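Shown next: input_27.cif, given as mmCIF, N, CA and C atoms.
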data_input
loop_
_atom_site.label_atom_id
_atom_site.label_comp_id
_atom_site.auth_asym_id
_atom_site.auth_seq_id
_atom_site.Cartn_x
_atom_site.Cartn_y
_atom_site.Cartn_z
N MET A 1 -7.31 -21.09 -16.65
CA MET A 1 -8.41 -20.35 -16.06
C MET A 1 -8.84 -19.25 -17.03
N ASN A 2 -10.12 -19.01 -17.07
CA ASN A 2 -10.60 -17.93 -17.92
C ASN A 2 -10.48 -16.61 -17.15
N GLY A 3 -10.57 -15.52 -17.85
CA GLY A 3 -10.37 -14.21 -17.25
C GLY A 3 -11.51 -13.73 -16.37
N GLU A 4 -12.66 -14.42 -16.38
CA GLU A 4 -13.80 -13.94 -15.63
C GLU A 4 -13.88 -14.50 -14.21
N GLN A 5 -13.36 -15.69 -13.97
CA GLN A 5 -13.40 -16.29 -12.65
C GLN A 5 -12.08 -16.05 -11.93
N PRO A 6 -12.12 -15.51 -10.70
CA PRO A 6 -10.87 -15.30 -9.97
C PRO A 6 -10.26 -16.64 -9.56
N ALA A 7 -8.96 -16.65 -9.42
CA ALA A 7 -8.28 -17.86 -8.96
C ALA A 7 -8.76 -18.19 -7.55
N PRO A 8 -8.83 -19.48 -7.19
CA PRO A 8 -9.35 -19.85 -5.87
C PRO A 8 -8.60 -19.20 -4.71
N VAL A 9 -7.29 -19.10 -4.82
CA VAL A 9 -6.51 -18.49 -3.74
C VAL A 9 -6.82 -17.00 -3.65
N THR A 10 -6.89 -16.33 -4.79
CA THR A 10 -7.20 -14.91 -4.81
C THR A 10 -8.58 -14.65 -4.22
N ALA A 11 -9.54 -15.45 -4.58
CA ALA A 11 -10.89 -15.28 -4.05
C ALA A 11 -10.92 -15.51 -2.54
N ALA A 12 -10.16 -16.49 -2.05
CA ALA A 12 -10.11 -16.76 -0.61
C ALA A 12 -9.47 -15.60 0.14
N VAL A 13 -8.42 -15.02 -0.42
CA VAL A 13 -7.77 -13.88 0.22
C VAL A 13 -8.72 -12.69 0.26
N LYS A 14 -9.44 -12.48 -0.82
CA LYS A 14 -10.40 -11.38 -0.89
C LYS A 14 -11.50 -11.56 0.15
N ARG A 15 -12.05 -12.77 0.26
CA ARG A 15 -13.09 -13.03 1.26
C ARG A 15 -12.56 -12.84 2.67
N SER A 16 -11.33 -13.27 2.90
CA SER A 16 -10.72 -13.13 4.23
C SER A 16 -10.54 -11.66 4.57
N PHE A 17 -10.08 -10.87 3.62
CA PHE A 17 -9.87 -9.43 3.84
C PHE A 17 -11.19 -8.74 4.14
N VAL A 18 -12.20 -9.04 3.34
CA VAL A 18 -13.51 -8.41 3.52
C VAL A 18 -14.12 -8.80 4.86
N SER A 19 -14.00 -10.07 5.24
CA SER A 19 -14.57 -10.50 6.53
C SER A 19 -13.80 -9.90 7.70
N SER A 20 -12.50 -9.67 7.56
CA SER A 20 -11.75 -9.03 8.64
C SER A 20 -12.15 -7.57 8.79
N LEU A 21 -12.53 -6.91 7.71
CA LEU A 21 -13.01 -5.53 7.81
C LEU A 21 -14.39 -5.48 8.46
N ASP A 22 -15.21 -6.50 8.22
CA ASP A 22 -16.54 -6.55 8.82
C ASP A 22 -16.49 -6.54 10.34
N VAL A 23 -15.44 -7.12 10.90
CA VAL A 23 -15.29 -7.16 12.36
C VAL A 23 -15.27 -5.74 12.93
N PHE A 24 -14.66 -4.81 12.19
CA PHE A 24 -14.55 -3.43 12.65
C PHE A 24 -15.65 -2.53 12.10
N GLY A 25 -16.59 -3.10 11.36
CA GLY A 25 -17.67 -2.31 10.80
C GLY A 25 -17.24 -1.49 9.59
N LEU A 26 -16.18 -1.91 8.91
CA LEU A 26 -15.68 -1.19 7.74
C LEU A 26 -16.08 -1.91 6.47
N GLU A 27 -16.14 -1.18 5.39
CA GLU A 27 -16.48 -1.75 4.09
C GLU A 27 -15.43 -1.31 3.08
N PRO A 28 -14.81 -2.25 2.35
CA PRO A 28 -13.78 -1.86 1.39
C PRO A 28 -14.40 -1.20 0.16
N VAL A 29 -13.59 -0.43 -0.56
CA VAL A 29 -14.05 0.11 -1.83
C VAL A 29 -14.27 -1.05 -2.79
N ALA A 30 -15.08 -0.84 -3.79
CA ALA A 30 -15.47 -1.93 -4.69
C ALA A 30 -14.27 -2.54 -5.41
N HIS A 31 -13.26 -1.78 -5.66
CA HIS A 31 -12.09 -2.26 -6.41
C HIS A 31 -10.82 -2.14 -5.57
N PHE A 32 -10.87 -2.67 -4.33
CA PHE A 32 -9.74 -2.50 -3.42
C PHE A 32 -8.48 -3.22 -3.92
N GLY A 33 -8.62 -4.30 -4.66
CA GLY A 33 -7.46 -4.99 -5.20
C GLY A 33 -6.71 -4.11 -6.19
N ARG A 34 -7.46 -3.40 -7.00
CA ARG A 34 -6.87 -2.49 -7.98
C ARG A 34 -6.18 -1.32 -7.27
N VAL A 35 -6.81 -0.81 -6.22
CA VAL A 35 -6.22 0.28 -5.45
C VAL A 35 -4.93 -0.19 -4.79
N PHE A 36 -4.96 -1.38 -4.20
CA PHE A 36 -3.78 -1.90 -3.52
C PHE A 36 -2.61 -2.08 -4.47
N LYS A 37 -2.88 -2.51 -5.70
CA LYS A 37 -1.82 -2.76 -6.66
C LYS A 37 -1.27 -1.49 -7.30
N ARG A 38 -2.11 -0.46 -7.44
CA ARG A 38 -1.71 0.68 -8.27
C ARG A 38 -1.55 2.00 -7.53
N ALA A 39 -2.07 2.14 -6.34
CA ALA A 39 -2.07 3.44 -5.66
C ALA A 39 -0.67 3.78 -5.11
N TRP A 40 -0.21 4.98 -5.39
CA TRP A 40 1.07 5.43 -4.88
C TRP A 40 1.06 5.56 -3.37
N SER A 41 -0.09 5.88 -2.81
CA SER A 41 -0.16 6.02 -1.35
C SER A 41 0.18 4.70 -0.67
N ILE A 42 -0.27 3.59 -1.22
CA ILE A 42 0.04 2.27 -0.65
C ILE A 42 1.54 2.01 -0.76
N ARG A 43 2.11 2.29 -1.91
CA ARG A 43 3.56 2.07 -2.10
C ARG A 43 4.37 2.90 -1.12
N LEU A 44 3.97 4.15 -0.95
CA LEU A 44 4.71 5.03 -0.04
C LEU A 44 4.55 4.62 1.42
N ILE A 45 3.37 4.13 1.79
CA ILE A 45 3.17 3.64 3.15
C ILE A 45 4.06 2.43 3.41
N LEU A 46 4.15 1.52 2.46
CA LEU A 46 5.03 0.36 2.60
C LEU A 46 6.49 0.78 2.69
N LEU A 47 6.89 1.78 1.91
CA LEU A 47 8.25 2.31 1.96
C LEU A 47 8.55 2.95 3.32
N ALA A 48 7.58 3.69 3.85
CA ALA A 48 7.74 4.29 5.18
C ALA A 48 7.91 3.20 6.24
N GLY A 49 7.17 2.11 6.11
CA GLY A 49 7.33 0.99 7.03
C GLY A 49 8.71 0.37 6.93
N LEU A 50 9.24 0.27 5.72
CA LEU A 50 10.59 -0.25 5.53
C LEU A 50 11.62 0.65 6.21
N PHE A 51 11.48 1.96 6.02
CA PHE A 51 12.41 2.90 6.67
C PHE A 51 12.32 2.81 8.19
N SER A 52 11.11 2.62 8.71
CA SER A 52 10.95 2.47 10.16
C SER A 52 11.67 1.22 10.66
N GLY A 53 11.54 0.15 9.90
CA GLY A 53 12.24 -1.08 10.27
C GLY A 53 13.74 -0.93 10.21
N LEU A 54 14.24 -0.20 9.21
CA LEU A 54 15.68 0.03 9.11
C LEU A 54 16.19 0.90 10.26
N GLU A 55 15.35 1.81 10.74
CA GLU A 55 15.73 2.63 11.89
C GLU A 55 15.94 1.75 13.13
N ILE A 56 15.11 0.73 13.26
CA ILE A 56 15.26 -0.21 14.37
C ILE A 56 16.53 -1.04 14.20
N ALA A 57 16.85 -1.41 12.96
CA ALA A 57 18.03 -2.23 12.69
C ALA A 57 19.31 -1.42 12.61
N LEU A 58 19.24 -0.11 12.78
CA LEU A 58 20.42 0.74 12.64
C LEU A 58 21.57 0.36 13.56
N PRO A 59 21.34 -0.01 14.83
CA PRO A 59 22.48 -0.41 15.66
C PRO A 59 23.25 -1.61 15.09
N ILE A 60 22.56 -2.50 14.42
CA ILE A 60 23.23 -3.64 13.80
C ILE A 60 24.02 -3.19 12.58
N LEU A 61 23.44 -2.28 11.79
CA LEU A 61 24.10 -1.78 10.59
C LEU A 61 25.31 -0.92 10.91
N ASP A 62 25.34 -0.30 12.08
CA ASP A 62 26.46 0.57 12.46
C ASP A 62 27.78 -0.19 12.56
N GLN A 63 27.73 -1.48 12.70
CA GLN A 63 28.95 -2.27 12.79
C GLN A 63 29.71 -2.26 11.46
N TRP A 64 28.99 -2.13 10.34
CA TRP A 64 29.62 -2.22 9.03
C TRP A 64 29.73 -0.89 8.30
N LEU A 65 28.83 0.02 8.54
CA LEU A 65 28.89 1.31 7.85
C LEU A 65 28.32 2.40 8.74
N TYR A 66 28.78 3.61 8.48
CA TYR A 66 28.31 4.75 9.28
C TYR A 66 27.07 5.35 8.63
N LEU A 67 26.02 5.45 9.41
CA LEU A 67 24.78 6.12 8.97
C LEU A 67 24.38 7.10 10.05
N PRO A 68 24.07 8.32 9.68
CA PRO A 68 23.69 9.31 10.69
C PRO A 68 22.40 8.91 11.41
N ARG A 69 22.36 9.18 12.71
CA ARG A 69 21.17 8.89 13.51
C ARG A 69 19.99 9.71 12.99
N GLY A 70 18.85 9.10 12.92
CA GLY A 70 17.64 9.80 12.48
C GLY A 70 17.44 9.81 10.98
N LEU A 71 18.39 9.23 10.23
CA LEU A 71 18.26 9.22 8.77
C LEU A 71 16.99 8.49 8.33
N PHE A 72 16.83 7.26 8.80
CA PHE A 72 15.67 6.47 8.38
C PHE A 72 14.39 7.00 9.00
N ALA A 73 14.49 7.56 10.19
CA ALA A 73 13.29 8.17 10.80
C ALA A 73 12.83 9.36 9.96
N GLY A 74 13.78 10.16 9.51
CA GLY A 74 13.45 11.30 8.64
C GLY A 74 12.86 10.85 7.31
N LEU A 75 13.48 9.82 6.73
CA LEU A 75 12.96 9.29 5.47
C LEU A 75 11.56 8.71 5.65
N SER A 76 11.33 8.05 6.78
CA SER A 76 10.02 7.49 7.08
C SER A 76 8.98 8.60 7.20
N GLY A 77 9.32 9.66 7.91
CA GLY A 77 8.40 10.79 8.05
C GLY A 77 8.09 11.44 6.71
N PHE A 78 9.14 11.61 5.90
CA PHE A 78 8.96 12.22 4.58
C PHE A 78 8.04 11.37 3.70
N THR A 79 8.27 10.05 3.67
CA THR A 79 7.43 9.20 2.83
C THR A 79 6.00 9.10 3.37
N SER A 80 5.84 9.21 4.69
CA SER A 80 4.48 9.22 5.25
C SER A 80 3.72 10.46 4.80
N MET A 81 4.39 11.60 4.79
CA MET A 81 3.75 12.83 4.31
C MET A 81 3.46 12.75 2.81
N ALA A 82 4.39 12.16 2.06
CA ALA A 82 4.15 11.97 0.62
C ALA A 82 2.97 11.04 0.38
N ALA A 83 2.82 10.02 1.23
CA ALA A 83 1.68 9.11 1.11
C ALA A 83 0.37 9.86 1.37
N LEU A 84 0.38 10.75 2.34
CA LEU A 84 -0.81 11.55 2.62
C LEU A 84 -1.19 12.40 1.41
N VAL A 85 -0.21 13.06 0.83
CA VAL A 85 -0.48 13.90 -0.34
C VAL A 85 -0.95 13.04 -1.51
N SER A 86 -0.29 11.90 -1.73
CA SER A 86 -0.68 11.07 -2.86
C SER A 86 -2.07 10.46 -2.68
N ARG A 87 -2.51 10.32 -1.44
CA ARG A 87 -3.86 9.80 -1.20
C ARG A 87 -4.92 10.83 -1.58
N LEU A 88 -4.57 12.10 -1.52
CA LEU A 88 -5.52 13.16 -1.83
C LEU A 88 -5.51 13.58 -3.30
N VAL A 89 -4.55 13.09 -4.06
CA VAL A 89 -4.42 13.44 -5.47
C VAL A 89 -5.03 12.32 -6.30
N ALA A 90 -5.79 12.68 -7.32
CA ALA A 90 -6.37 11.68 -8.21
C ALA A 90 -5.26 10.98 -8.97
N GLN A 91 -5.28 9.66 -8.93
CA GLN A 91 -4.28 8.87 -9.64
C GLN A 91 -4.97 8.16 -10.79
N GLN A 92 -4.58 8.51 -11.99
CA GLN A 92 -5.27 8.04 -13.19
C GLN A 92 -5.32 6.52 -13.27
N SER A 93 -4.26 5.83 -12.86
CA SER A 93 -4.25 4.37 -12.96
C SER A 93 -5.23 3.72 -11.99
N VAL A 94 -5.61 4.43 -10.95
CA VAL A 94 -6.55 3.89 -9.98
C VAL A 94 -7.96 4.37 -10.28
N SER A 95 -8.10 5.62 -10.71
CA SER A 95 -9.42 6.22 -10.85
C SER A 95 -10.05 6.01 -12.22
N THR A 96 -9.35 5.36 -13.15
CA THR A 96 -9.98 5.13 -14.45
C THR A 96 -11.10 4.12 -14.29
N SER A 97 -12.14 4.31 -15.03
CA SER A 97 -13.31 3.43 -14.89
C SER A 97 -12.99 2.04 -15.43
N SER A 98 -13.57 1.06 -14.77
CA SER A 98 -13.35 -0.32 -15.18
C SER A 98 -14.53 -0.81 -16.01
N LYS A 99 -14.40 -2.02 -16.55
CA LYS A 99 -15.48 -2.61 -17.33
C LYS A 99 -16.71 -2.85 -16.46
N ASP A 100 -16.47 -3.28 -15.20
CA ASP A 100 -17.58 -3.59 -14.31
C ASP A 100 -18.37 -2.37 -13.88
N ASN A 101 -17.67 -1.25 -13.70
CA ASN A 101 -18.32 -0.04 -13.22
C ASN A 101 -17.85 1.15 -14.02
N PRO A 102 -18.46 1.42 -15.17
CA PRO A 102 -17.99 2.49 -16.04
C PRO A 102 -18.15 3.88 -15.42
N ASN A 103 -18.96 4.05 -14.39
CA ASN A 103 -19.15 5.36 -13.77
C ASN A 103 -18.45 5.47 -12.43
N ALA A 104 -17.35 4.72 -12.25
CA ALA A 104 -16.64 4.73 -10.97
C ALA A 104 -16.00 6.09 -10.74
N ASP A 105 -16.17 6.60 -9.53
CA ASP A 105 -15.57 7.88 -9.18
C ASP A 105 -14.18 7.73 -8.59
N GLN A 106 -13.88 6.58 -8.00
CA GLN A 106 -12.59 6.40 -7.33
C GLN A 106 -11.66 5.57 -8.13
#

Could I get this structure in the form of C-alpha coordinates?
Amino acid sequence: MNGEQPAPVTAAVKRSFVSSLDVFGLEPVAHFGRVFKRAWSIRLILLAGLFSGLEIALPILDQWLYLPRGLFAGLSGFTSMAALVSRLVAQQSVSTSSKDNPNADQ
(Lines of atoms letter the chains of each structure in order from A and count residues from 1; the text may use other names and numbers.)
(Lines give C-alpha, C1' and ligand atoms only; values in the text may rest on other atoms or scores of the structure.)
Protein backbone atom coordinates (compact mmCIF):
# COMPACT_ATOMS: atom_id res chain seq x y z
CA MET A 1 0.00 0.00 0.00
CA ASN A 2 1.20 3.49 -0.70
CA GLY A 3 1.36 6.07 2.07
CA GLU A 4 -1.45 8.23 0.67
CA GLN A 5 -4.37 5.78 0.71
CA PRO A 6 -5.57 4.55 4.12
CA ALA A 7 -5.88 0.82 4.63
CA PRO A 8 -9.43 -0.44 3.97
CA VAL A 9 -9.95 -1.51 7.58
CA THR A 10 -8.64 1.78 8.94
CA ALA A 11 -10.88 3.75 6.60
CA ALA A 12 -13.91 1.65 7.63
CA VAL A 13 -13.20 2.23 11.32
CA LYS A 14 -12.83 5.95 10.70
CA ARG A 15 -16.14 6.12 8.81
CA SER A 16 -17.86 4.12 11.54
CA PHE A 17 -16.51 6.44 14.26
CA VAL A 18 -17.52 9.58 12.39
CA SER A 19 -21.01 8.25 11.64
CA SER A 20 -21.51 7.27 15.30
CA LEU A 21 -20.66 10.84 16.32
CA ASP A 22 -23.18 12.18 13.79
CA VAL A 23 -25.95 10.43 15.72
CA PHE A 24 -25.25 12.74 18.67
CA GLY A 25 -24.66 15.84 16.55
CA LEU A 26 -20.91 15.84 17.27
CA GLU A 27 -18.06 16.44 14.86
CA PRO A 28 -14.56 15.01 15.43
CA VAL A 29 -11.43 17.12 15.14
CA ALA A 30 -9.81 16.88 11.72
CA HIS A 31 -6.95 14.71 13.00
CA PHE A 32 -8.72 12.61 15.65
CA GLY A 33 -6.64 9.52 14.83
CA ARG A 34 -3.47 11.43 15.62
CA VAL A 35 -4.98 12.76 18.86
CA PHE A 36 -6.11 9.28 19.89
CA LYS A 37 -2.65 7.81 19.31
CA ARG A 38 -0.56 10.58 20.87
CA ALA A 39 -2.55 12.53 23.47
CA TRP A 40 -1.63 11.93 27.10
CA SER A 41 -5.18 12.67 28.14
CA ILE A 42 -6.39 9.61 26.22
CA ARG A 43 -3.70 7.42 27.78
CA LEU A 44 -4.56 8.63 31.26
CA ILE A 45 -8.29 8.12 30.72
CA LEU A 46 -7.63 4.52 29.65
CA LEU A 47 -5.40 4.03 32.71
CA ALA A 48 -8.14 5.41 34.98
CA GLY A 49 -10.55 2.92 33.41
CA LEU A 50 -8.10 0.11 34.13
CA PHE A 51 -7.83 1.17 37.78
CA SER A 52 -11.63 1.29 38.03
CA GLY A 53 -11.84 -2.23 36.69
CA LEU A 54 -9.21 -3.42 39.15
CA GLU A 55 -11.22 -1.88 41.99
CA ILE A 56 -14.13 -4.07 40.94
CA ALA A 57 -11.86 -7.13 40.77
CA LEU A 58 -10.32 -6.40 44.18
CA PRO A 59 -12.39 -9.01 46.08
CA ILE A 60 -10.99 -11.67 43.76
CA LEU A 61 -7.43 -10.37 44.14
CA ASP A 62 -7.74 -10.36 47.95
CA GLN A 63 -7.52 -14.14 47.94
CA TRP A 64 -3.88 -14.01 46.83
CA LEU A 65 -2.49 -10.71 48.08
CA TYR A 66 -3.40 -7.93 50.45
CA LEU A 67 -4.30 -4.60 48.87
CA PRO A 68 -5.73 -1.72 50.89
CA ARG A 69 -9.35 -0.82 50.15
CA GLY A 70 -9.70 2.25 47.99
CA LEU A 71 -6.23 1.95 46.47
CA PHE A 72 -7.41 1.56 42.89
CA ALA A 73 -10.25 4.03 43.41
CA GLY A 74 -7.70 6.60 44.57
CA LEU A 75 -5.40 5.84 41.65
CA SER A 76 -8.36 6.12 39.27
CA GLY A 77 -9.30 9.52 40.70
CA PHE A 78 -5.71 10.73 40.50
CA THR A 79 -5.29 9.66 36.87
CA SER A 80 -8.66 11.22 35.97
CA MET A 81 -7.48 14.55 37.37
CA ALA A 82 -4.15 14.16 35.54
CA ALA A 83 -6.10 13.50 32.33
CA LEU A 84 -8.04 16.73 32.86
CA VAL A 85 -4.83 18.70 33.31
CA SER A 86 -3.15 17.03 30.34
CA ARG A 87 -6.16 17.87 28.16
CA LEU A 88 -5.67 21.57 28.92
CA VAL A 89 -1.91 21.59 28.29
CA ALA A 90 -0.56 21.87 24.75
CA GLN A 91 1.08 18.61 23.76
CA GLN A 92 3.72 19.11 21.10
CA SER A 93 3.28 15.64 19.55
CA VAL A 94 -0.42 16.34 19.00
CA SER A 95 -0.39 20.05 18.22
CA THR A 96 2.42 20.08 15.66
CA SER A 97 1.16 20.98 12.22
CA SER A 98 0.74 18.20 9.72
CA LYS A 99 1.40 18.12 5.98
CA ASP A 100 -2.33 18.30 5.26
CA ASN A 101 -2.99 21.31 7.46
CA PRO A 102 0.13 23.41 8.08
CA ASN A 103 -1.87 26.01 10.07
CA ALA A 104 -3.47 23.55 12.50
CA ASP A 105 -4.08 24.99 15.93
CA GLN A 106 -4.80 21.72 17.73

Inset, instruction - Evaluate the PyMOL selection byres ((chain A and resi 40) around 7) here and jot the selected residues down as number ranges by chain. - result: A: 37-39, 41-45, 82-83, 86-87

Inset, instruction - Can you work out which one of A:Ala11, A:Ala48, A:Val85, A:Leu21 has the shortest atom-to-atom distance to Gly33 (chain A), counting only C-alpha atoms? - result: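 Answer, going by the shortest atom-to-atom distance: A:Ala11.
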
Legend entry - Shortest interatomic distance to Gln91 (chain A) - which of A:Leu46, A:Val35, A:Leu75, A:Leu61, counting only C-alpha atoms: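 Closest to Gln91 (chain A) of all the choices is A:Val35.
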
Inset, instruction - Please run DSSP on the backbone and report, as a PyMOL selection string, all residues within chain A that come out as alpha helix (DSSP H). - result: chain A and resi 8-23+32-38+40-61+71-88+92-95

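Take CA of Val18 (chain A) and CA of Phe51 (chain A): the distance between them is 28.5 Å.
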
Inset, instruction - May I ask for the distance between atom N of Leu67 (chain A) and atom C of Met81 (chain A), given in Å to one decimal place? - result: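 So the two atoms, atom N of Leu67 (chain A) and atom C of Met81 (chain A), lie 24.6 Å apart.
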
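Interatomic distance, CA of Phe78 (chain A) to CA of Glu55 (chain A): 13.8 Å.
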
Legend entry - Target residues per the PyMOL selection byres (((chain A and resi 52 and name CA) around 12) and name CA), formatted as a list in words: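 Given this file, the PyMOL selection byres (((chain A and resi 52 and name CA) around 12) and name CA) evaluates to Ile45, Leu46, Leu47, Ala48, Gly49, Leu50, Phe51, Gly53, Leu54, Glu55, Ile56, Ala57, Leu58, Gly70, Leu71, Phe72, Ala73, Gly74, Leu75, Ser76, Gly77, Phe78, Thr79 and Ser80 of chain A.
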
As lines of an AutoDock Vina configuration file, what would the box around region 66-72 of chain A look like: edges along x, y and z, 5 Å added on every side, centre and edge lengths in Å to one decimal?
center_x = 21.6
center_y = 6.7
center_z = 10.9
size_x = 24.4
size_y = 16.2
size_z = 15.2
